[in-house]
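Below is model00.txt, holding compact mmCIF, C-alpha atoms and all ligand atoms.
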# COMPACT_ATOMS: atom_id res chain seq x y z
CA MET A 24 0.00 0.00 0.00
CA LEU A 25 1.28 3.42 -0.97
CA GLU A 26 0.88 5.48 2.22
CA ALA A 27 0.57 9.27 2.23
CA ARG A 28 4.24 9.88 2.91
CA GLY A 29 5.12 7.22 0.40
CA LYS A 30 3.20 9.08 -2.29
CA GLU A 31 5.11 12.30 -1.72
CA THR A 32 8.46 10.52 -1.66
CA VAL A 33 7.65 8.72 -4.89
CA VAL A 34 6.60 12.00 -6.52
CA ARG A 35 9.80 13.74 -5.38
CA GLN A 36 12.01 10.91 -6.64
CA ARG A 37 10.27 10.75 -10.00
CA TYR A 38 10.51 14.50 -10.62
CA ALA A 39 14.09 14.66 -9.34
CA ALA A 40 14.91 12.21 -12.14
CA GLY A 41 12.68 14.16 -14.55
CA ALA A 42 14.66 17.33 -13.80
CA LYS A 43 17.92 15.68 -14.81
CA GLU A 44 16.65 13.97 -17.92
CA ARG A 45 13.51 14.39 -19.99
CA ALA A 46 10.90 11.76 -19.02
CA ASP A 47 8.72 11.20 -22.08
CA LYS A 48 6.02 9.37 -20.12
CA LEU A 49 5.31 12.49 -18.08
CA CYS A 50 4.83 14.75 -21.08
CA CYS A 51 1.42 15.79 -22.32
CA PRO A 52 1.65 17.93 -25.48
CA VAL A 53 0.63 21.56 -24.86
CA ASP A 54 0.28 24.36 -27.35
CA TYR A 55 2.08 27.25 -25.61
CA ASP A 56 2.19 30.64 -27.30
CA SER A 57 5.44 30.32 -29.27
CA GLN A 58 6.35 34.03 -28.96
CA TYR A 59 7.08 33.47 -25.24
CA LEU A 60 9.16 30.33 -25.73
CA LYS A 61 11.92 32.04 -27.76
CA VAL A 62 13.78 33.33 -24.69
CA ILE A 63 13.43 30.15 -22.61
CA PRO A 64 16.47 27.83 -22.63
CA ARG A 65 16.06 24.46 -24.28
CA GLU A 66 16.60 22.31 -21.16
CA VAL A 67 13.61 24.04 -19.54
CA ILE A 68 11.32 23.54 -22.54
CA GLU A 69 12.44 19.93 -22.91
CA ARG A 70 11.50 19.13 -19.33
CA ASP A 71 7.95 20.34 -19.69
CA TYR A 72 5.62 18.20 -17.62
CA GLY A 73 2.55 20.39 -17.91
CA CYS A 74 -0.87 19.58 -19.37
CA GLY A 75 -2.33 23.03 -20.06
CA ASP A 76 -1.45 26.70 -20.30
CA PRO A 77 -2.77 28.89 -17.46
CA THR A 78 -0.54 31.77 -18.61
CA ARG A 79 -3.00 32.55 -21.43
CA TYR A 80 -5.25 34.14 -18.82
CA LEU A 81 -2.67 36.43 -17.16
CA ARG A 82 -2.45 40.21 -17.48
CA GLU A 83 0.24 42.87 -17.27
CA GLY A 84 1.31 43.94 -13.79
CA GLU A 85 0.01 40.90 -11.92
CA VAL A 86 1.79 39.08 -9.09
CA VAL A 87 1.63 35.39 -9.96
CA VAL A 88 2.46 32.30 -7.91
CA ASP A 89 3.01 29.05 -9.82
CA LEU A 90 2.41 25.88 -7.79
CA GLY A 91 4.79 23.05 -8.68
CA SER A 92 6.91 25.19 -10.98
CA GLY A 93 9.23 22.39 -12.10
CA THR A 94 12.02 23.71 -14.33
CA GLY A 95 10.27 27.07 -14.53
CA LYS A 96 8.60 27.29 -17.95
CA ILE A 97 5.25 28.66 -16.71
CA CYS A 98 7.05 31.30 -14.59
CA PHE A 99 9.25 32.32 -17.52
CA ILE A 100 6.20 32.74 -19.78
CA ALA A 101 4.32 34.58 -17.00
CA ALA A 102 7.31 36.90 -16.50
CA GLN A 103 6.93 38.19 -20.06
CA ILE A 104 3.14 38.62 -19.85
CA VAL A 105 3.05 40.41 -16.47
CA GLY A 106 6.07 42.52 -17.47
CA PRO A 107 8.53 44.40 -15.24
CA LYS A 108 5.74 45.75 -13.01
CA GLY A 109 4.53 42.22 -12.28
CA LYS A 110 6.24 39.24 -10.72
CA ALA A 111 6.27 35.44 -10.93
CA ILE A 112 7.11 33.21 -7.96
CA GLY A 113 7.53 29.49 -8.54
CA ILE A 114 7.07 27.00 -5.71
CA ASP A 115 8.45 23.48 -5.83
CA MET A 116 9.54 20.88 -3.29
CA THR A 117 12.08 19.06 -5.47
CA ASP A 118 15.66 20.36 -5.21
CA GLU A 119 16.64 19.11 -8.67
CA MET A 120 13.74 21.02 -10.29
CA LEU A 121 14.60 24.17 -8.32
CA GLU A 122 18.23 23.88 -9.41
CA VAL A 123 17.36 23.89 -13.13
CA ALA A 124 14.80 26.70 -12.71
CA ARG A 125 17.11 28.91 -10.63
CA ARG A 126 20.07 28.37 -12.94
CA ASN A 127 17.98 29.48 -15.93
CA ALA A 128 16.29 32.48 -14.31
CA PRO A 129 19.23 34.90 -14.95
CA VAL A 130 19.43 33.70 -18.57
CA VAL A 131 15.76 34.56 -19.16
CA ALA A 132 16.13 37.84 -17.23
CA GLU A 133 19.00 38.90 -19.46
CA ARG A 134 17.06 38.05 -22.62
CA ILE A 135 13.89 39.89 -21.61
CA GLY A 136 15.71 42.81 -20.00
CA TYR A 137 14.39 42.57 -16.43
CA ALA A 138 14.40 40.08 -13.53
CA ASN A 139 10.94 39.41 -12.10
CA VAL A 140 11.03 35.65 -11.40
CA GLU A 141 12.08 33.79 -8.28
CA PHE A 142 11.79 30.21 -7.13
CA ARG A 143 11.06 29.18 -3.54
CA LYS A 144 11.16 25.77 -1.92
CA GLY A 145 7.95 24.61 -0.32
CA ARG A 146 5.09 22.16 -0.44
CA ILE A 147 2.10 23.60 -2.23
CA GLN A 148 -0.29 22.33 0.44
CA ASP A 149 1.69 24.33 3.03
CA LEU A 150 2.52 27.64 1.36
CA ALA A 151 3.41 29.23 4.69
CA LEU A 152 6.39 27.00 5.41
CA ASP A 153 9.69 28.01 3.81
CA LEU A 154 11.53 24.68 3.61
CA GLU A 155 14.95 26.26 3.02
CA LEU A 156 14.59 28.46 6.07
CA LEU A 157 13.51 25.45 8.13
CA ASP A 158 16.44 23.49 6.75
CA ARG A 159 18.93 26.18 7.82
CA GLN A 160 17.50 26.36 11.33
CA LEU A 161 17.41 22.58 11.73
CA LYS A 162 21.07 22.35 10.76
CA GLU A 163 21.85 24.49 13.80
CA ASN A 164 19.58 22.35 16.03
CA PRO A 165 19.50 18.83 14.56
CA THR A 166 16.59 16.51 15.41
CA THR A 167 18.11 13.74 17.49
CA SER A 168 15.41 12.89 20.02
CA ALA A 169 11.64 12.93 20.50
CA ALA A 170 12.02 16.24 22.34
CA SER A 171 13.95 17.87 19.49
CA PHE A 172 11.40 16.43 17.01
CA LEU A 173 8.62 18.21 18.90
CA ALA A 174 10.73 21.36 19.07
CA ALA A 175 11.21 21.18 15.28
CA ASP A 176 7.44 21.04 14.88
CA GLU A 177 7.13 24.16 17.02
CA LEU A 178 9.86 25.86 15.03
CA ALA A 179 8.02 25.12 11.76
CA GLU A 180 4.87 26.67 13.21
CA GLU A 181 6.80 29.76 14.31
CA LEU A 182 8.34 30.15 10.83
CA ARG A 183 4.90 29.86 9.19
CA VAL A 184 3.71 32.80 11.28
CA LYS A 185 6.83 34.99 11.39
CA HIS A 186 8.39 34.30 7.97
CA PRO A 187 5.73 32.81 5.68
CA LEU A 188 6.89 31.48 2.32
CA ILE A 189 3.89 33.25 0.75
CA VAL A 190 2.17 35.96 2.74
CA SER A 191 -1.65 35.84 3.08
CA ASP A 192 -3.71 38.04 0.71
CA SER A 193 -0.65 38.96 -1.37
CA VAL A 194 -1.12 37.31 -4.77
CA ASP A 195 -3.17 38.39 -7.82
CA VAL A 196 -3.21 35.02 -9.56
CA VAL A 197 -2.29 31.52 -8.43
CA VAL A 198 -1.53 29.33 -11.43
CA SER A 199 -0.52 25.69 -11.66
CA ASN A 200 0.15 23.26 -14.44
CA CYS A 201 -0.43 19.58 -13.80
CA VAL A 202 0.51 19.45 -10.11
CA LEU A 203 -2.55 19.52 -7.83
CA ASN A 204 -3.31 15.88 -8.65
CA LEU A 205 0.06 14.89 -7.12
CA VAL A 206 -0.87 16.07 -3.61
CA GLU A 207 -1.94 13.21 -1.37
CA PRO A 208 -5.70 12.91 -0.63
CA LYS A 209 -5.44 13.87 3.04
CA SER A 210 -3.78 17.19 2.15
CA LYS A 211 -6.02 18.16 -0.78
CA ARG A 212 -8.47 20.17 1.33
CA GLN A 213 -5.55 22.09 2.90
CA LEU A 214 -4.12 22.68 -0.58
CA PHE A 215 -7.26 24.50 -1.77
CA ASP A 216 -7.43 26.43 1.53
CA GLU A 217 -3.84 27.55 1.00
CA ILE A 218 -4.55 28.77 -2.54
CA PHE A 219 -7.42 30.77 -1.09
CA ARG A 220 -5.31 32.15 1.76
CA VAL A 221 -2.51 33.60 -0.36
CA LEU A 222 -4.79 35.28 -2.92
CA LYS A 223 -5.75 38.92 -2.51
CA LYS A 224 -9.43 39.72 -2.25
CA GLY A 225 -10.42 40.02 -5.92
CA GLY A 226 -7.63 37.63 -6.93
CA ARG A 227 -8.14 34.41 -8.86
CA ALA A 228 -6.81 30.90 -9.37
CA VAL A 229 -6.19 29.67 -12.92
CA ILE A 230 -5.32 26.01 -12.74
CA SER A 231 -4.60 23.42 -15.41
CA ASP A 232 -4.68 19.84 -14.20
CA ILE A 233 -5.55 16.29 -15.10
CA VAL A 234 -9.09 15.27 -14.13
CA SER A 235 -10.94 11.99 -14.47
CA ASP A 236 -14.41 11.28 -15.80
CA GLU A 237 -15.04 8.68 -13.04
CA GLU A 238 -13.88 8.23 -9.44
CA VAL A 239 -10.43 6.60 -9.35
CA PRO A 240 -10.55 3.29 -7.42
CA GLU A 241 -8.28 2.90 -4.40
CA GLU A 242 -6.10 0.18 -5.92
CA MET A 243 -5.24 2.55 -8.76
CA GLN A 244 -4.48 5.32 -6.26
CA ASN A 245 -2.06 2.99 -4.53
CA ASP A 246 -0.08 2.37 -7.70
CA PRO A 247 3.08 4.53 -7.39
CA GLU A 248 3.65 4.67 -11.14
CA LEU A 249 0.10 5.86 -11.86
CA TRP A 250 0.13 8.27 -8.92
CA SER A 251 3.41 9.99 -9.74
CA GLY A 252 2.53 9.93 -13.44
CA CYS A 253 -0.25 12.51 -12.87
CA ILE A 254 -2.99 9.95 -13.33
CA SER A 255 -4.46 8.29 -10.26
CA GLY A 256 -4.35 11.36 -7.98
CA ALA A 257 -6.74 13.16 -10.33
CA LEU A 258 -9.99 14.50 -8.96
CA THR A 259 -13.12 13.97 -11.02
CA GLU A 260 -14.21 16.88 -13.22
CA GLY A 261 -17.01 17.72 -10.78
CA GLY A 262 -14.84 17.08 -7.72
CA PHE A 263 -12.22 19.49 -9.01
CA LEU A 264 -14.74 22.34 -9.32
CA SER A 265 -16.34 21.48 -5.96
CA ALA A 266 -12.95 21.64 -4.22
CA PHE A 267 -12.70 25.33 -5.17
CA GLU A 268 -16.29 25.94 -4.12
CA ASN A 269 -15.69 24.29 -0.71
CA ALA A 270 -12.64 26.51 -0.14
CA GLY A 271 -14.78 29.65 -0.55
CA PHE A 272 -14.16 30.58 -4.19
CA TYR A 273 -16.90 31.93 -6.46
CA GLY A 274 -17.49 32.33 -10.20
CA ILE A 275 -15.76 29.03 -10.87
CA GLN A 276 -15.73 28.02 -14.51
CA VAL A 277 -14.11 25.66 -16.98
CA LEU A 278 -11.91 27.65 -19.36
CA LYS A 279 -10.72 24.68 -21.38
CA ARG A 280 -11.44 20.96 -21.35
CA ASP A 281 -9.56 18.70 -23.75
CA VAL A 282 -11.95 16.65 -25.83
CA GLU A 283 -9.45 13.82 -26.24
CA PRO A 284 -8.29 12.08 -23.06
CA TRP A 285 -4.56 12.17 -22.35
CA ARG A 286 -4.69 8.59 -21.04
CA THR A 287 -7.40 5.99 -20.49
CA VAL A 288 -6.74 3.47 -17.73
CA GLN A 289 -9.16 0.65 -16.92
CA GLY A 290 -11.83 2.49 -18.89
CA ILE A 291 -11.40 5.74 -16.93
CA GLU A 292 -10.54 8.76 -19.04
CA PHE A 293 -7.92 11.23 -17.77
CA ARG A 294 -7.81 14.56 -19.57
CA ALA A 295 -6.50 18.10 -19.07
CA MET A 296 -8.83 20.82 -17.89
CA THR A 297 -8.15 24.48 -17.06
CA ILE A 298 -10.41 26.25 -14.60
CA GLU A 299 -10.71 29.73 -13.13
CA ALA A 300 -11.99 30.56 -9.62
CA PHE A 301 -12.28 33.93 -7.85
CA LYS A 302 -11.70 35.00 -4.24
CA GLY A 303 -13.69 37.86 -2.75
CA LYS A 304 -17.33 37.05 -2.04
CA GLN A 305 -16.79 37.10 1.72
CA GLY A 306 -17.78 40.20 3.67
CA GLU A 307 -20.73 42.12 4.99
CA CYS A 308 -23.88 42.88 3.01
CA PHE A 309 -25.32 46.42 2.90
CA GLU A 310 -28.49 47.79 1.34
CA ARG A 311 -27.93 50.58 -1.16
CA ASN A 312 -31.10 50.05 -3.18
CA GLN A 313 -29.26 48.55 -6.13
CA ALA A 314 -30.83 46.04 -8.50
CA VAL A 315 -29.66 43.66 -11.20
CA ILE A 316 -31.40 41.93 -14.09
CA TYR A 317 -30.08 38.60 -15.34
CA ARG A 318 -29.88 38.88 -19.15
CA GLY A 319 -30.04 35.18 -20.03
CA PRO A 320 -29.60 32.97 -22.06
CA PHE A 321 -30.61 30.49 -19.35
CA LYS A 322 -34.08 30.70 -17.83
CA GLU A 323 -32.61 30.73 -14.34
CA VAL A 324 -29.20 30.91 -12.65
CA ARG A 325 -27.84 30.43 -9.11
CA ASP A 326 -24.58 31.98 -7.87
CA ASP A 327 -22.16 30.73 -5.19
CA ASP A 328 -24.09 32.63 -2.49
CA ASN A 329 -27.32 30.91 -3.52
CA HIS A 330 -28.89 33.93 -5.18
CA ARG A 331 -31.34 32.38 -7.64
CA MET A 332 -32.40 34.66 -10.50
CA VAL A 333 -34.88 34.26 -13.30
CA ARG A 334 -34.01 35.78 -16.66
CA GLY A 335 -35.34 39.31 -17.18
CA LYS A 336 -36.51 39.94 -13.60
CA ARG A 337 -35.23 42.73 -11.42
CA TYR A 338 -33.59 41.58 -8.16
CA ALA A 339 -32.50 43.37 -5.02
CA VAL A 340 -28.82 42.72 -4.24
CA CYS A 341 -26.47 43.98 -1.56
CA ASP A 342 -23.68 46.39 -2.42
CA LYS A 343 -21.09 43.56 -2.28
CA THR A 344 -22.97 41.33 -4.75
CA TYR A 345 -23.70 44.32 -6.99
CA ASN A 346 -19.99 45.07 -7.25
CA LEU A 347 -19.03 41.40 -7.73
CA TYR A 348 -21.47 41.15 -10.63
CA LYS A 349 -19.91 44.23 -12.21
CA LYS A 350 -16.62 42.33 -12.60
CA ALA A 351 -15.51 39.16 -14.41
CA PRO A 352 -16.82 36.52 -14.72
CA TYR A 353 -20.38 37.83 -14.21
CA ARG A 354 -20.34 41.29 -15.83
CA GLU A 355 -21.62 40.31 -19.29
CA PHE A 356 -24.62 38.42 -17.87
CA PHE A 357 -26.26 41.31 -15.99
CA GLU A 358 -27.91 44.69 -16.42
CA PHE A 359 -27.26 47.06 -13.53
CA VAL A 360 -29.83 49.43 -12.06
CA ASP A 361 -28.43 52.18 -9.82
CA PRO A 362 -30.83 53.93 -7.46
CA ILE A 363 -31.71 57.48 -8.52
CA VAL A 364 -30.77 58.72 -5.06
CA ASP A 365 -27.42 57.34 -3.95
CA ARG A 366 -27.23 56.01 -0.41
CA PRO A 367 -23.61 56.26 0.81
CA LEU A 368 -22.14 53.03 2.18
CA SER A 369 -21.52 54.75 5.53
CA GLU A 370 -25.29 55.25 5.92
CA ALA A 371 -26.36 51.89 4.48
CA LYS A 372 -28.25 49.36 6.63
CA PRO A 373 -27.43 45.60 6.69
CA PHE A 374 -28.93 43.60 3.81
CA ASP A 375 -30.25 40.04 4.21
CA CYS A 376 -28.41 38.03 1.56
CA SER A 377 -29.84 34.67 2.67
CA ARG A 378 -32.79 34.96 0.26
CA THR A 379 -33.27 36.47 -3.16
CA THR A 380 -36.03 39.08 -3.48
CA LEU A 381 -37.40 40.99 -6.39
CA ARG A 382 -36.95 44.74 -6.37
CA HIS A 383 -39.85 46.88 -7.50
CA PRO A 384 -38.68 49.58 -9.95
CA LYS A 385 -40.11 52.22 -7.60
CA GLU A 386 -37.53 51.19 -4.98
CA THR A 387 -34.68 52.30 -7.22
CA LYS A 388 -36.51 55.28 -8.70
CA GLY A 389 -38.13 56.47 -5.44
CA GLN A 390 -41.86 56.38 -4.59
CA ASP A 391 -42.41 59.98 -5.76
CA TYR A 392 -40.82 59.49 -9.17
CA SER A 393 -43.26 60.77 -11.81
CA ALA A 394 -41.10 61.87 -14.75
CA THR A 395 -42.54 61.78 -18.26
CA THR A 396 -40.25 62.24 -21.23
CA ASP A 397 -41.27 63.71 -24.54
CA VAL A 398 -40.45 60.83 -26.81
CA ASN A 399 -40.42 63.01 -29.95
CA ASN A 400 -37.73 65.28 -28.55
CA ARG A 401 -35.57 62.46 -27.25
CA CYS A 402 -35.05 60.16 -30.15
CA CYS A 403 -36.81 61.08 -33.37
CA ASP A 404 -35.33 64.50 -33.86
CA GLY A 405 -36.26 64.67 -37.51
CA GLY A 406 -35.38 61.00 -38.00
CA SER A 407 -37.62 58.01 -38.43
CA CYS A 408 -36.76 55.74 -35.53
CA CYS A 409 -40.24 55.63 -33.93
C1 LIG B 501 4.04 17.29 -13.42
S1 LIG B 501 5.34 18.30 -12.88
C2 LIG B 501 4.81 19.88 -13.53
C3 LIG B 501 5.91 20.87 -13.59
C4 LIG B 501 5.57 22.21 -14.24
N1 LIG B 501 4.39 22.79 -13.67
C5 LIG B 501 5.45 22.11 -15.75
O1 LIG B 501 4.47 22.66 -16.29
O2 LIG B 501 6.32 21.53 -16.38
C6 LIG B 501 5.06 18.42 -11.16
C7 LIG B 501 5.99 19.33 -10.38
O3 LIG B 501 5.38 19.61 -9.13
C8 LIG B 501 6.29 19.38 -8.08
N2 LIG B 501 5.47 18.92 -6.94
C9 LIG B 501 4.70 17.82 -6.85
N3 LIG B 501 4.05 17.77 -5.69
C10 LIG B 501 4.41 18.90 -5.01
C11 LIG B 501 4.07 19.44 -3.74
N4 LIG B 501 3.23 18.82 -2.92
N5 LIG B 501 4.63 20.61 -3.37
C12 LIG B 501 5.52 21.26 -4.18
N6 LIG B 501 5.87 20.79 -5.39
C13 LIG B 501 5.32 19.64 -5.81
C14 LIG B 501 7.26 18.35 -8.61
O4 LIG B 501 8.50 18.45 -7.96
C15 LIG B 501 7.34 18.73 -10.08
O5 LIG B 501 8.33 19.71 -10.31

Here is the file; what I need is its structure written in the form of structure tokens.
Ligand SMILES: C[S@@+](CC[C@H](N)C(=O)[O-])C[C@H]1O[C@@H](n2cnc3c(N)ncnc32)[C@H](O)[C@@H]1O
Amino acid sequence: MLEARGKETVVRQRYAAGAKERADKLCCPVDYDSQYLKVIPREVIERDYGCGDPTRYLREGEVVVDLGSGTGKICFIAAQIVGPKGKAIGIDMTDEMLEVARRNAPVVAERIGYANVEFRKGRIQDLALDLELLDRQLKENPTTSAASFLAADELAEELRVKHPLIVSDSVDVVVSNCVLNLVEPKSKRQLFDEIFRVLKKGGRAVISDIVSDEEVPEEMQNDPELWSGCISGALTEGGFLSAFENAGFYGIQVLKRDVEPWRTVQGIEFRAMTIEAFKGKQGECFERNQAVIYRGPFKEVRDDDNHRMVRGKRYAVCDKTYNLYKKAPYREFFEFVDPIVDRPLSEAKPFDCSRTTLRHPKETKGQDYSATTDVNNRCCDGGSCC
């Protein structure tokens, strides 16, 4: 049986070897934008073990963290898209991968004319713990007894708080390419919580990974070759999206799903999928008399806060929801109705977001609203539009 620690050790050993020499079995062909590959050294490109391209969804100026950065390709592409005002930080637990990535970072920096990439050692399910810092401290106080083992545990906790590898609420976009499936089942929940923790409010995760069309049976999960080969640790398509939902994300959507499976094992299809998920729906709800109208095309929709809306009807929403809907990924699906008289947030009363209620037009216009426009003056103006 491949125990939890066994899984991680197997993964580390396999990717340590994959950093030294290209492992064809781990490669899943990906169509990266060729303009960004020109400056990336060959040994990095050759050791590409990704399955998708989350960098296609990045923007200039963003701070990006890449989970399981391997030899660095995604960070080097991201570096060019986010530009000198942005930054890319790669996280990996395998020394051999970090060595290749770090050695090539100055080469890429010289070619693009700025240095905005760095690689840090850590486990992606524990983004607070800087493993190199812990290593240095443990060398000074080696673990030689049960007491020093417990002290090491305390030290790790102290480092997480005082010197986190990635600070909370500090990242615009967390990306990853074919890595989340490698994290052992018992740490998966913590992994999604960590992605959520490090993102800024308004930030997003853009993750490419292998997913399965059916649950993966336990005996397949216990196969070290299938596990470390990015196959049997895969979540189902639905399970992958739910994991983001359970961690508190909203607006989760599939950006790309490969039609053809990458591998089929015992009748289960494993394919690449790229998803996007947003952080920022948490917070208090205030009434500012705003309303939204769902434009369609579906008859009805429900968001991640359980607001259920029928196409074409006018709904009361709190200020927080109103502003969330004004941004991606919702913006194009709604019409926005501002109240005629603005109620400043400082004077707004709490709004009950636990149910969805219709908003009568008079609530936004005001009960005394009695305007009548002269249609002829407004739009016909000598023309023939009426
Ligand atoms: C399939 S490779 C993908 C590498 C890279 N993203 C790419 O596109 O080529 C997986 C990488 O994730 C790293 N990795 C796997 N599990 C990890 C974990 N729990 N924490 C940190 N790194 C991990 C491995 O060392 C390896 O470099």

Could you give me the residues within 8 Å of ligand LIG 501 (chain B), counting all atoms listed in the file, as a compact mmCIF listing (two decimals) with C-alpha atoms, keeping the file's coordinate frame?
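Produced file result08.txt, reproduced below:
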# COMPACT_ATOMS: atom_id res chain seq x y z
CA GLU A 31 5.11 12.30 -1.72
CA VAL A 34 6.60 12.00 -6.52
CA ARG A 35 9.80 13.74 -5.38
CA TYR A 38 10.51 14.50 -10.62
CA ALA A 39 14.09 14.66 -9.34
CA ALA A 42 14.66 17.33 -13.80
CA LEU A 49 5.31 12.49 -18.08
CA ARG A 70 11.50 19.13 -19.33
CA ASP A 71 7.95 20.34 -19.69
CA TYR A 72 5.62 18.20 -17.62
CA GLY A 73 2.55 20.39 -17.91
CA CYS A 74 -0.87 19.58 -19.37
CA GLY A 75 -2.33 23.03 -20.06
CA ASP A 89 3.01 29.05 -9.82
CA LEU A 90 2.41 25.88 -7.79
CA GLY A 91 4.79 23.05 -8.68
CA SER A 92 6.91 25.19 -10.98
CA GLY A 93 9.23 22.39 -12.10
CA THR A 94 12.02 23.71 -14.33
CA GLY A 95 10.27 27.07 -14.53
CA LYS A 96 8.60 27.29 -17.95
CA ILE A 97 5.25 28.66 -16.71
CA ILE A 114 7.07 27.00 -5.71
CA ASP A 115 8.45 23.48 -5.83
CA MET A 116 9.54 20.88 -3.29
CA THR A 117 12.08 19.06 -5.47
CA ASP A 118 15.66 20.36 -5.21
CA MET A 120 13.74 21.02 -10.29
CA LEU A 121 14.60 24.17 -8.32
CA LYS A 144 11.16 25.77 -1.92
CA GLY A 145 7.95 24.61 -0.32
CA ARG A 146 5.09 22.16 -0.44
CA ILE A 147 2.10 23.60 -2.23
CA GLN A 148 -0.29 22.33 0.44
CA ASP A 149 1.69 24.33 3.03
CA SER A 199 -0.52 25.69 -11.66
CA ASN A 200 0.15 23.26 -14.44
CA CYS A 201 -0.43 19.58 -13.80
CA VAL A 202 0.51 19.45 -10.11
CA LEU A 203 -2.55 19.52 -7.83
CA LEU A 205 0.06 14.89 -7.12
CA VAL A 206 -0.87 16.07 -3.61
CA GLU A 207 -1.94 13.21 -1.37
CA GLY A 252 2.53 9.93 -13.44
CA CYS A 253 -0.25 12.51 -12.87

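Atom pair CA of Gly262 (chain A) / CA of Ala300 (chain A) has a distance of 13.9 Å (rounded to one decimal).
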
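The shortest atom-to-atom distance to Asp281 (chain A), with only C-alpha atoms taken into account, belongs to A:Ile233 out of A:Ile233, A:Cys98, A:Val340, A:Cys308.
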
Worksheet item: From the list A:Gln160, A:Asn312, A:Thr297, A:Thr166, which residue is nearest Pro373 (chain A) when using only C-alpha atoms?
Response: A:Asn312

Practice prompt. Compile the contact shell of Arg183 (chain A) as a ChimeraX atom specification: residues with an atom at most 10 Å away, counting only C-alpha atoms, same-chain residues fewer than 3 positions apart removed.
Written response: /A:149-153,157,177-180,186-190

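A straight line drawn from CA of Lys162 (chain A) to CA of Glu181 (chain A) is 16.5 Å long.
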
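A straight line drawn from CA of Ser393 (chain A) to CA of Asp342 (chain A) is 26.0 Å long.
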
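Comparing A:Gly113, A:Asp328, A:Tyr137, A:Glu310 by their smallest distance to Glu370 (chain A), the closest is A:Glu310 (using all atoms listed in the file).
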
Discussion item. From (-31.8, 41.8, 3.4), in the file's coordinates, out to 9 Å: which residues are reached, counting all atoms listed in the file? Answer as a list in words.
Written reply: Cys308, Phe309, Glu310, Ala339, Val340, Cys341, Lys372, Pro373, Phe374, Asp375, Cys376, Ser377, Arg378, Thr379 and Thr380 of chain A

Just the residues within 8 Å of Arg337 (chain A), please, counting only C-alpha atoms, with nothing from its chain fewer than 5 positions along; format it as an mmCIF file with C-alpha atoms, in the coordinates of the input.
data_model
loop_
_atom_site.group_PDB
_atom_site.id
_atom_site.type_symbol
_atom_site.label_atom_id
_atom_site.label_comp_id
_atom_site.auth_asym_id
_atom_site.auth_seq_id
_atom_site.Cartn_x
_atom_site.Cartn_y
_atom_site.Cartn_z
ATOM 1 C CA ALA A 314 -30.830 46.040 -8.500
ATOM 2 C CA VAL A 315 -29.660 43.660 -11.200
ATOM 3 C CA ILE A 316 -31.400 41.930 -14.090
ATOM 4 C CA TYR A 317 -30.080 38.600 -15.340
ATOM 5 C CA LEU A 381 -37.400 40.990 -6.390
ATOM 6 C CA ARG A 382 -36.950 44.740 -6.370
ATOM 7 C CA HIS A 383 -39.850 46.880 -7.500
ATOM 8 C CA PRO A 384 -38.680 49.580 -9.950
#

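You can rank A:Lys302, A:Pro247, A:Phe215, A:Gly271 by their closest distance to Gly29 (chain A) using all atoms listed in the file, and at the top of that list sits A:Pro247.
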
N, CA, C and O atoms restored at region 260-267 of chain A, emitted as a tab-separated table (two decimals), in the frame of the given file:
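Saved as part_39.tsv:
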chain	number	residue	atom	x	y	z
A	260	GLU	N	-13.92	15.55	-12.68
A	260	GLU	CA	-14.21	16.88	-13.22
A	260	GLU	C	-15.06	17.68	-12.23
A	260	GLU	O	-14.76	18.84	-11.90
A	261	GLY	N	-16.12	17.04	-11.73
A	261	GLY	CA	-17.01	17.72	-10.78
A	261	GLY	C	-16.31	17.96	-9.45
A	261	GLY	O	-16.47	19.02	-8.84
A	262	GLY	N	-15.53	16.96	-9.00
A	262	GLY	CA	-14.84	17.08	-7.72
A	262	GLY	C	-13.83	18.22	-7.72
A	262	GLY	O	-13.61	18.89	-6.71
A	263	PHE	N	-13.22	18.43	-8.87
A	263	PHE	CA	-12.22	19.49	-9.01
A	263	PHE	C	-12.89	20.86	-8.81
A	263	PHE	O	-12.41	21.70	-8.03
A	264	LEU	N	-14.02	21.06	-9.46
A	264	LEU	CA	-14.74	22.34	-9.32
A	264	LEU	C	-15.27	22.50	-7.90
A	264	LEU	O	-15.20	23.59	-7.31
A	265	SER	N	-15.79	21.41	-7.32
A	265	SER	CA	-16.34	21.48	-5.96
A	265	SER	C	-15.27	21.83	-4.94
A	265	SER	O	-15.54	22.50	-3.94
A	266	ALA	N	-14.04	21.36	-5.18
A	266	ALA	CA	-12.95	21.64	-4.22
A	266	ALA	C	-12.73	23.15	-4.10
A	266	ALA	O	-12.48	23.67	-3.01
A	267	PHE	N	-12.85	23.87	-5.21
A	267	PHE	CA	-12.70	25.33	-5.17
A	267	PHE	C	-13.90	25.96	-4.45
A	267	PHE	O	-13.74	26.88	-3.64
